[in-house]
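What follows is the content of upload29.cif (mmCIF, C-alpha atoms and all ligand atoms; chains and numbers go by the auth columns).
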```cif
data_entry
#
loop_
_atom_site.group_PDB
_atom_site.id
_atom_site.type_symbol
_atom_site.label_atom_id
_atom_site.label_comp_id
_atom_site.label_asym_id
_atom_site.label_seq_id
_atom_site.Cartn_x
_atom_site.Cartn_y
_atom_site.Cartn_z
_atom_site.B_iso_or_equiv
_atom_site.auth_seq_id
_atom_site.auth_asym_id
ATOM 1 C CA MET A 1 7.300 24.700 11.639 0.00 1 H
ATOM 2 C CA VAL A 2 6.534 21.054 12.418 0.00 2 H
ATOM 3 C CA PRO A 3 2.759 20.362 12.296 0.00 3 H
ATOM 4 C CA GLN A 4 0.984 19.192 15.431 0.00 4 H
ATOM 5 C CA GLN A 5 1.448 15.476 16.026 0.00 5 H
ATOM 6 C CA LYS A 6 -1.505 13.144 15.346 0.00 6 H
ATOM 7 C CA THR A 7 -1.838 9.524 16.346 0.00 7 H
ATOM 8 C CA VAL A 8 -2.471 6.866 13.704 0.00 8 H
ATOM 9 C CA ILE A 9 -3.201 3.194 14.273 0.00 9 H
ATOM 10 C CA ILE A 10 -2.920 0.662 11.477 0.00 10 H
ATOM 11 C CA LEU A 11 -5.170 -2.377 11.736 0.00 11 H
ATOM 12 C CA GLY A 12 -6.001 -5.456 9.693 0.00 12 H
ATOM 13 C CA ASN A 13 -5.515 -9.194 9.552 0.00 13 H
ATOM 14 C CA GLY A 14 -2.063 -10.773 9.659 0.00 14 H
ATOM 15 C CA GLY A 15 -0.228 -10.551 6.332 0.00 15 H
ATOM 16 C CA VAL A 16 -2.383 -7.861 4.654 0.00 16 H
ATOM 17 C CA GLY A 17 0.628 -5.544 4.462 0.00 17 H
ATOM 18 C CA LYS A 18 0.327 -3.104 7.375 0.00 18 H
ATOM 19 C CA THR A 19 4.046 -3.021 8.165 0.00 19 H
ATOM 20 C CA SER A 20 4.856 -2.805 4.450 0.00 20 H
ATOM 21 C CA ILE A 21 2.590 0.254 4.110 0.00 21 H
ATOM 22 C CA VAL A 22 4.426 1.967 6.963 0.00 22 H
ATOM 23 C CA ASN A 23 7.769 0.950 5.398 0.00 23 H
ATOM 24 C CA ARG A 24 6.690 2.450 2.084 0.00 24 H
ATOM 25 C CA MET A 25 5.576 5.708 3.734 0.00 25 H
ATOM 26 C CA LEU A 26 8.977 5.951 5.381 0.00 26 H
ATOM 27 C CA ARG A 27 10.733 5.066 2.096 0.00 27 H
ATOM 28 C CA GLU A 28 12.184 1.921 3.592 0.00 28 H
ATOM 29 C CA LYS A 29 12.721 -1.411 1.884 0.00 29 H
ATOM 30 C CA ILE A 30 9.710 -3.748 1.871 0.00 30 H
ATOM 31 C CA PRO A 31 10.819 -7.167 3.131 0.00 31 H
ATOM 32 C CA LYS A 32 10.086 -9.895 0.549 0.00 32 H
ATOM 33 C CA THR A 33 9.555 -12.591 3.121 0.00 33 H
ATOM 34 C CA TYR A 34 6.683 -12.270 5.558 0.00 34 H
ATOM 35 C CA LEU A 35 7.779 -11.587 9.097 0.00 35 H
ATOM 36 C CA ALA A 36 4.722 -11.172 11.340 0.00 36 H
ATOM 37 C CA THR A 37 4.826 -8.146 13.642 0.00 37 H
ATOM 38 C CA GLU A 38 5.031 -9.105 17.295 0.00 38 H
ATOM 39 C CA GLY A 39 3.910 -6.494 19.788 0.00 39 H
ATOM 40 C CA VAL A 40 3.495 -2.939 18.572 0.00 40 H
ATOM 41 C CA ASN A 41 5.903 -0.927 16.406 0.00 41 H
ATOM 42 C CA THR A 42 5.802 2.811 16.914 0.00 42 H
ATOM 43 C CA ARG A 43 7.054 4.899 14.018 0.00 43 H
ATOM 44 C CA THR A 44 7.070 8.613 13.232 0.00 44 H
ATOM 45 C CA PHE A 45 6.277 10.106 9.848 0.00 45 H
ATOM 46 C CA VAL A 46 7.060 13.805 9.534 0.00 46 H
ATOM 47 C CA ASN A 47 7.074 16.186 6.601 0.00 47 H
ATOM 48 C CA ASP A 48 6.086 19.841 6.226 0.00 48 H
ATOM 49 C CA LYS A 49 2.374 18.890 6.100 0.00 49 H
ATOM 50 C CA MET A 50 2.009 16.067 8.635 0.00 50 H
ATOM 51 C CA ASN A 51 3.484 14.774 11.829 0.00 51 H
ATOM 52 C CA LEU A 52 2.125 11.308 12.488 0.00 52 H
ATOM 53 C CA LYS A 53 2.871 8.911 15.285 0.00 53 H
ATOM 54 C CA ILE A 54 2.017 5.527 13.777 0.00 54 H
ATOM 55 C CA TYR A 55 1.212 2.439 15.819 0.00 55 H
ATOM 56 C CA ASP A 56 1.736 -0.623 13.639 0.00 56 H
ATOM 57 C CA PHE A 57 -0.098 -3.533 15.255 0.00 57 H
ATOM 58 C CA PRO A 58 0.250 -7.247 14.803 0.00 58 H
ATOM 59 C CA GLY A 59 -2.724 -8.659 12.899 0.00 59 H
ATOM 60 C CA GLN A 60 -2.250 -12.112 14.301 0.00 60 H
ATOM 61 C CA GLU A 61 -3.932 -12.458 17.652 0.00 61 H
ATOM 62 C CA MET A 62 -1.216 -14.766 18.886 0.00 62 H
ATOM 63 C CA TYR A 63 1.183 -11.810 18.732 0.00 63 H
ATOM 64 C CA GLY A 64 -1.086 -9.610 20.825 0.00 64 H
ATOM 65 C CA GLY A 65 -2.796 -7.330 18.284 0.00 65 H
ATOM 66 C CA GLU A 66 -5.969 -6.721 20.183 0.00 66 H
ATOM 67 C CA TYR A 67 -4.288 -6.310 23.519 0.00 67 H
ATOM 68 C CA TYR A 68 -2.031 -3.544 22.196 0.00 68 H
ATOM 69 C CA TYR A 69 -4.911 -1.964 20.351 0.00 69 H
ATOM 70 C CA TYR A 70 -6.933 -1.503 23.504 0.00 70 H
ATOM 71 C CA ASP A 71 -3.923 -0.196 25.330 0.00 71 H
ATOM 72 C CA THR A 72 -3.153 2.678 23.002 0.00 72 H
ATOM 73 C CA VAL A 73 -6.452 3.451 21.357 0.00 73 H
ATOM 74 C CA LYS A 74 -7.564 6.188 23.728 0.00 74 H
ATOM 75 C CA ASP A 75 -6.051 9.179 21.942 0.00 75 H
ATOM 76 C CA THR A 76 -6.197 7.891 18.371 0.00 76 H
ATOM 77 C CA ASP A 77 -6.913 10.459 15.660 0.00 77 H
ATOM 78 C CA ILE A 78 -6.857 8.248 12.558 0.00 78 H
ATOM 79 C CA ALA A 79 -7.273 4.518 11.952 0.00 79 H
ATOM 80 C CA ILE A 80 -6.016 2.940 8.732 0.00 80 H
ATOM 81 C CA VAL A 81 -7.814 -0.368 8.190 0.00 81 H
ATOM 82 C CA VAL A 82 -5.995 -2.540 5.651 0.00 82 H
ATOM 83 C CA VAL A 83 -7.420 -5.374 3.580 0.00 83 H
ATOM 84 C CA ASP A 84 -5.597 -7.579 1.097 0.00 84 H
ATOM 85 C CA LEU A 85 -7.292 -7.273 -2.309 0.00 85 H
ATOM 86 C CA THR A 86 -6.244 -10.831 -3.146 0.00 86 H
ATOM 87 C CA ASN A 87 -7.546 -12.386 0.053 0.00 87 H
ATOM 88 C CA PHE A 88 -11.296 -12.610 0.646 0.00 88 H
ATOM 89 C CA LEU A 89 -10.761 -13.706 4.245 0.00 89 H
ATOM 90 C CA SER A 90 -9.071 -10.391 5.037 0.00 90 H
ATOM 91 C CA LEU A 91 -12.447 -8.814 4.290 0.00 91 H
ATOM 92 C CA THR A 92 -15.006 -11.230 5.640 0.00 92 H
ATOM 93 C CA SER A 93 -13.242 -12.046 8.859 0.00 93 H
ATOM 94 C CA GLY A 94 -11.287 -8.825 8.962 0.00 94 H
ATOM 95 C CA VAL A 95 -12.714 -5.555 7.813 0.00 95 H
ATOM 96 C CA ASN A 96 -15.907 -5.574 9.887 0.00 96 H
ATOM 97 C CA HIS A 97 -14.033 -6.750 12.922 0.00 97 H
ATOM 98 C CA TRP A 98 -11.406 -4.000 12.656 0.00 98 H
ATOM 99 C CA LEU A 99 -13.946 -1.351 11.717 0.00 99 H
ATOM 100 C CA GLU A 100 -15.953 -2.218 14.837 0.00 100 H
ATOM 101 C CA TYR A 101 -12.832 -1.623 16.908 0.00 101 H
ATOM 102 C CA ALA A 102 -12.012 1.576 15.101 0.00 102 H
ATOM 103 C CA LYS A 103 -15.561 2.885 15.574 0.00 103 H
ATOM 104 C CA ARG A 104 -15.399 2.644 19.335 0.00 104 H
ATOM 105 C CA LEU A 105 -13.254 5.733 19.546 0.00 105 H
ATOM 106 C CA PRO A 106 -14.209 6.979 16.973 0.00 106 H
ATOM 107 C CA PRO A 107 -11.175 8.132 14.997 0.00 107 H
ATOM 108 C CA ASN A 108 -11.268 9.092 11.320 0.00 108 H
ATOM 109 C CA VAL A 109 -11.003 5.885 9.310 0.00 109 H
ATOM 110 C CA ILE A 110 -9.188 5.315 6.008 0.00 110 H
ATOM 111 C CA ILE A 111 -9.600 1.896 4.366 0.00 111 H
ATOM 112 C CA CYS A 112 -6.753 0.662 2.169 0.00 112 H
ATOM 113 C CA GLY A 113 -7.064 -2.224 -0.265 0.00 113 H
ATOM 114 C CA ASN A 114 -3.429 -3.298 -0.452 0.00 114 H
ATOM 115 C CA LYS A 115 -1.514 -5.401 -3.022 0.00 115 H
ATOM 116 C CA CYS A 116 -3.138 -3.745 -6.045 0.00 116 H
ATOM 117 C CA ASP A 117 -0.051 -4.821 -8.030 0.00 117 H
ATOM 118 C CA LEU A 118 -1.505 -8.357 -7.935 0.00 118 H
ATOM 119 C CA LEU A 119 -4.656 -9.686 -9.592 0.00 119 H
ATOM 120 C CA PRO A 120 -7.468 -8.923 -7.138 0.00 120 H
ATOM 121 C CA ALA A 121 -9.897 -11.644 -6.120 0.00 121 H
ATOM 122 C CA ASN A 122 -13.253 -11.086 -7.862 0.00 122 H
ATOM 123 C CA LYS A 123 -15.043 -11.822 -4.617 0.00 123 H
ATOM 124 C CA VAL A 124 -13.139 -9.028 -2.889 0.00 124 H
ATOM 125 C CA ILE A 125 -14.036 -6.450 -5.539 0.00 125 H
ATOM 126 C CA SER A 126 -17.727 -7.408 -5.503 0.00 126 H
ATOM 127 C CA PHE A 127 -17.845 -7.425 -1.691 0.00 127 H
ATOM 128 C CA LEU A 128 -16.319 -3.929 -1.516 0.00 128 H
ATOM 129 C CA GLY A 129 -18.788 -2.707 -4.137 0.00 129 H
ATOM 130 C CA MET A 130 -21.837 -4.387 -2.635 0.00 130 H
ATOM 131 C CA HIS A 131 -21.154 -3.015 0.835 0.00 131 H
ATOM 132 C CA LYS A 132 -20.154 0.383 -0.544 0.00 132 H
ATOM 133 C CA ILE A 133 -16.857 0.260 1.321 0.00 133 H
ATOM 134 C CA ASP A 134 -14.944 3.373 0.255 0.00 134 H
ATOM 135 C CA HIS A 135 -11.305 2.505 -0.053 0.00 135 H
ATOM 136 C CA ILE A 136 -8.009 3.447 -1.666 0.00 136 H
ATOM 137 C CA LYS A 137 -6.310 0.757 -3.725 0.00 137 H
ATOM 138 C CA VAL A 138 -2.596 0.833 -2.968 0.00 138 H
ATOM 139 C CA SER A 139 0.490 -1.268 -3.379 0.00 139 H
ATOM 140 C CA ALA A 140 3.112 -1.107 -0.669 0.00 140 H
ATOM 141 C CA LYS A 141 5.297 -3.071 -3.060 0.00 141 H
ATOM 142 C CA THR A 142 5.247 -0.616 -5.985 0.00 142 H
ATOM 143 C CA GLY A 143 4.137 2.541 -4.185 0.00 143 H
ATOM 144 C CA GLU A 144 1.057 2.858 -6.419 0.00 144 H
ATOM 145 C CA ASN A 145 -1.479 5.404 -5.108 0.00 145 H
ATOM 146 C CA PHE A 146 0.581 6.351 -2.081 0.00 146 H
ATOM 147 C CA ASP A 147 0.115 9.976 -3.104 0.00 147 H
ATOM 148 C CA ASP A 148 -3.644 9.364 -2.629 0.00 148 H
ATOM 149 C CA LEU A 149 -3.089 7.741 0.742 0.00 149 H
ATOM 150 C CA LEU A 150 -0.899 10.635 1.892 0.00 150 H
ATOM 151 C CA ARG A 151 -3.474 13.148 0.656 0.00 151 H
ATOM 152 C CA ASN A 152 -6.169 11.344 2.643 0.00 152 H
ATOM 153 C CA LEU A 153 -3.974 11.238 5.731 0.00 153 H
ATOM 154 C CA LYS A 154 -3.306 14.948 5.383 0.00 154 H
ATOM 155 C CA GLU A 155 -7.050 15.674 5.114 0.00 155 H
ATOM 156 C CA GLU A 156 -7.941 13.457 8.046 0.00 156 H
ATOM 157 C CA SER A 157 -5.156 14.856 10.183 0.00 157 H
ATOM 158 C CA THR A 158 -6.397 18.421 9.759 0.00 158 H
ATOM 159 C CA LYS A 159 -10.040 17.596 10.614 0.00 159 H
HETATM 160 N N1 LIG B . 2.626 -8.227 -3.938 0.00 201 H
HETATM 161 C C1 LIG B . 2.568 -7.511 -2.820 0.00 201 H
HETATM 162 N N2 LIG B . 2.977 -8.043 -1.656 0.00 201 H
HETATM 163 C C2 LIG B . 2.896 -7.273 -0.548 0.00 201 H
HETATM 164 C C3 LIG B . 2.412 -5.942 -0.575 0.00 201 H
HETATM 165 N N3 LIG B . 2.438 -5.452 0.684 0.00 201 H
HETATM 166 C C4 LIG B . 2.931 -6.441 1.461 0.00 201 H
HETATM 167 N N4 LIG B . 3.215 -7.528 0.737 0.00 201 H
HETATM 168 C C5 LIG B . 3.761 -8.811 1.219 0.00 201 H
HETATM 169 O O1 LIG B . 2.806 -9.369 2.107 0.00 201 H
HETATM 170 C C6 LIG B . 3.450 -10.018 3.212 0.00 201 H
HETATM 171 C C7 LIG B . 2.933 -9.486 4.538 0.00 201 H
HETATM 172 O O2 LIG B . 3.288 -8.129 4.681 0.00 201 H
HETATM 173 P P1 LIG B . 3.387 -7.421 6.116 0.00 201 H
HETATM 174 O O3 LIG B . 3.567 -5.949 5.836 0.00 201 H
HETATM 175 O O4 LIG B . 4.380 -8.076 6.976 0.00 201 H
HETATM 176 O O5 LIG B . 1.925 -7.700 6.713 0.00 201 H
HETATM 177 P P2 LIG B . 1.311 -7.254 8.114 0.00 201 H
HETATM 178 O O6 LIG B . -0.098 -6.832 7.853 0.00 201 H
HETATM 179 O O7 LIG B . 2.192 -6.238 8.764 0.00 201 H
HETATM 180 O O8 LIG B . 1.303 -8.620 8.944 0.00 201 H
HETATM 181 P P3 LIG B . 1.254 -8.806 10.566 0.00 201 H
HETATM 182 O O9 LIG B . 2.396 -8.021 11.120 0.00 201 H
HETATM 183 O O10 LIG B . 1.380 -10.266 10.808 0.00 201 H
HETATM 184 O O11 LIG B . -0.067 -8.309 11.031 0.00 201 H
HETATM 185 C C8 LIG B . 4.958 -9.792 2.993 0.00 201 H
HETATM 186 O O12 LIG B . 5.493 -10.946 2.381 0.00 201 H
HETATM 187 C C9 LIG B . 5.027 -8.607 2.043 0.00 201 H
HETATM 188 O O13 LIG B . 6.186 -8.625 1.221 0.00 201 H
HETATM 189 C C10 LIG B . 1.985 -5.406 -1.833 0.00 201 H
HETATM 190 O O14 LIG B . 1.525 -4.267 -1.985 0.00 201 H
HETATM 191 N N5 LIG B . 2.085 -6.240 -2.913 0.00 201 H
HETATM 192 MG MG MG B . 3.184 -6.252 10.543 0.00 202 H
#
```

Have the structure of the file written as structure tokens, please.
Ligand SMILES: Nc1nc2c(ncn2[C@@H]2O[C@H](COP(=O)(O)OP(=O)(O)OP(=O)(O)O)[C@@H](O)[C@H]2O)c(=O)[nH]1
Ligand SMILES: [Mg+2]
Amino acid sequence: MVPQQKTVIILGNGGVGKTSIVNRMLREKIPKTYLATEGVNTRTFVNDKMNLKIYDFPGQEMYGGEYYYYDTVKDTDIAIVVVDLTNFLSLTSGVNHWLEYAKRLPPNVIICGNKCDLLPANKVISFLGMHKIDHIKVSAKTGENFDDLLRNLKEESTK
């Protein structure tokens, strides 16, 4: 039996790896060159435990991220907020901003620190620690800790 469908939105600054995370979940190739998402991509992830409708938003405002977010946010069950562990700006001008959006609903929130295959910026690690921001370190590139991410999604989707 297919589980009941839940709605997931994936938020974060441009280039943090949102589309790559969705690609990795769907076992698709991760594009090496950065191609910013324009508009919203809707994808479906189904297995015997979860049935997720995923809205992958553009992080860059010029491509309409916030507009699409407001448009579809009404029945959101889970928000994945992504930060780039190598990019301090994705935290300081990103995570609070996206968390504020996510909280308006409020859906269940999972924070992903992506690109853990690269050397993280010290400032990012201390910021996450100082603000006690619970997060899962993942790599869309290598697939590291995707089992953790899927476990979290499963938990949040059955709440
Ligand atoms: N090293 C490394 N690079 C990654 C990882 N995830 C994504 N990237 C690279 O980061 C760049 C941006 O990835 P995207 O998935 O397009 O980022 P996005 O958040 O969807 O960007 P927007 O659509 O503009 O909001 C691409 O060049 C990816 O190949 C990762 O885990 N490790
Ligand atoms: Mg994208």

Would you write out, as JSON lines, a table of all residues in chain H that have an atom no more than 8 Å from an atom of ligand MG 202 (chain H), listing for each the closest atom pair and the distance in Å to one decimal, considering only C-alpha atoms and all ligand atoms and ordering rows by chain and rising residue number?
```
{"residue": "H:Gly14", "atom": "CA", "partner": "H:MG202", "partner_atom": "MG", "distance": 7.0}
{"residue": "H:Gly15", "atom": "CA", "partner": "H:MG202", "partner_atom": "MG", "distance": 6.9}
{"residue": "H:Gly17", "atom": "CA", "partner": "H:MG202", "partner_atom": "MG", "distance": 6.6}
{"residue": "H:Lys18", "atom": "CA", "partner": "H:MG202", "partner_atom": "MG", "distance": 5.3}
{"residue": "H:Thr19", "atom": "CA", "partner": "H:MG202", "partner_atom": "MG", "distance": 4.1}
{"residue": "H:Ser20", "atom": "CA", "partner": "H:MG202", "partner_atom": "MG", "distance": 7.2}
{"residue": "H:Leu35", "atom": "CA", "partner": "H:MG202", "partner_atom": "MG", "distance": 7.2}
{"residue": "H:Ala36", "atom": "CA", "partner": "H:MG202", "partner_atom": "MG", "distance": 5.2}
{"residue": "H:Thr37", "atom": "CA", "partner": "H:MG202", "partner_atom": "MG", "distance": 4.0}
{"residue": "H:Glu38", "atom": "CA", "partner": "H:MG202", "partner_atom": "MG", "distance": 7.6}
{"residue": "H:Asp56", "atom": "CA", "partner": "H:MG202", "partner_atom": "MG", "distance": 6.6}
{"residue": "H:Phe57", "atom": "CA", "partner": "H:MG202", "partner_atom": "MG", "distance": 6.4}
{"residue": "H:Pro58", "atom": "CA", "partner": "H:MG202", "partner_atom": "MG", "distance": 5.3}
{"residue": "H:Gly59", "atom": "CA", "partner": "H:MG202", "partner_atom": "MG", "distance": 6.8}
```

Practice item. Between atom CA of Lys49 of chain H and atom CA of Gln5 of chain H, measure the distance and give it in Å to one decimal. Key: 10.5 Å

Exercise for review: Would you mind listing the residues within 10 Å of ligand LIG 201 (chain H), counting only C-alpha atoms and all ligand atoms, as a PyMOL selection string?
Suggested key: chain H and resi 10-24+29-41+56-65+82-86+113-119+137-144

**Study point:** One-decimal distance in Å that lies between atom CA of Val81 of chain H and atom CA of Glu100 of chain H
**Key:** 10.7 Å

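We find atom CA of Leu26 of chain H and atom CA of Phe45 of chain H to be spaced 6.7 Å apart.
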
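The shortest atom-to-atom distance to Thr92 of chain H, with all atoms listed in the file taken into account, belongs to H:Phe127 out of H:Phe127, H:Lys159, H:Asp134, H:Glu66.
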
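Those residues that approach Ile9 of chain H to within 6 Å, counting all atoms listed in the file, are H:Ile54, H:Tyr55, H:Ala79; same-chain residues fewer than 2 positions away are not listed.
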
Could you turn the residues from that selection into a file that holds C-alpha atoms, as a PDB file, in the coordinates of the input?
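Result written to result-v8.pdb:
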```
ATOM      1  CA  ILE H  54       2.017   5.527  13.777  1.00  0.00           C
ATOM      2  CA  TYR H  55       1.212   2.439  15.819  1.00  0.00           C
ATOM      3  CA  ALA H  79      -7.273   4.518  11.952  1.00  0.00           C
TER       4      ALA H  79
END
```

Report the centre and edge lengths, in Å to one decimal, of an axis-aligned box enclosing every atom of segment 89-106 of chain H listed in the file, padded by 5 Å on each side, as lines of an AutoDock Vina configuration file.
```
center_x = -12.5
center_y = -3.4
center_z = 11.9
size_x = 16.9
size_y = 30.7
size_z = 25.3
```

Review point. Counting all atoms listed in the file, which of H:Asn122, H:Asn108, H:Asn96, H:Ser90 gets nearest to Asp77 of chain H?
Key: H:Asn108

**Study point:** Residue with smallest distance to Lys154 of chain H - pool H:Ile110, H:His135, H:Ala102, H:Asn87, counting only C-alpha atoms
**Key:**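 Comparing H:Ile110, H:His135, H:Ala102, H:Asn87 against Lys154 of chain H, the winner is H:Ile110.
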
Practice item. Pull the neighbourhood of (-11.9, -15.0, -2.1) for me: all residues within 6 Å in file coordinates, counting only C-alpha atoms, as a VMD selection string. Key: chain H and resid 87 to 88 121 123
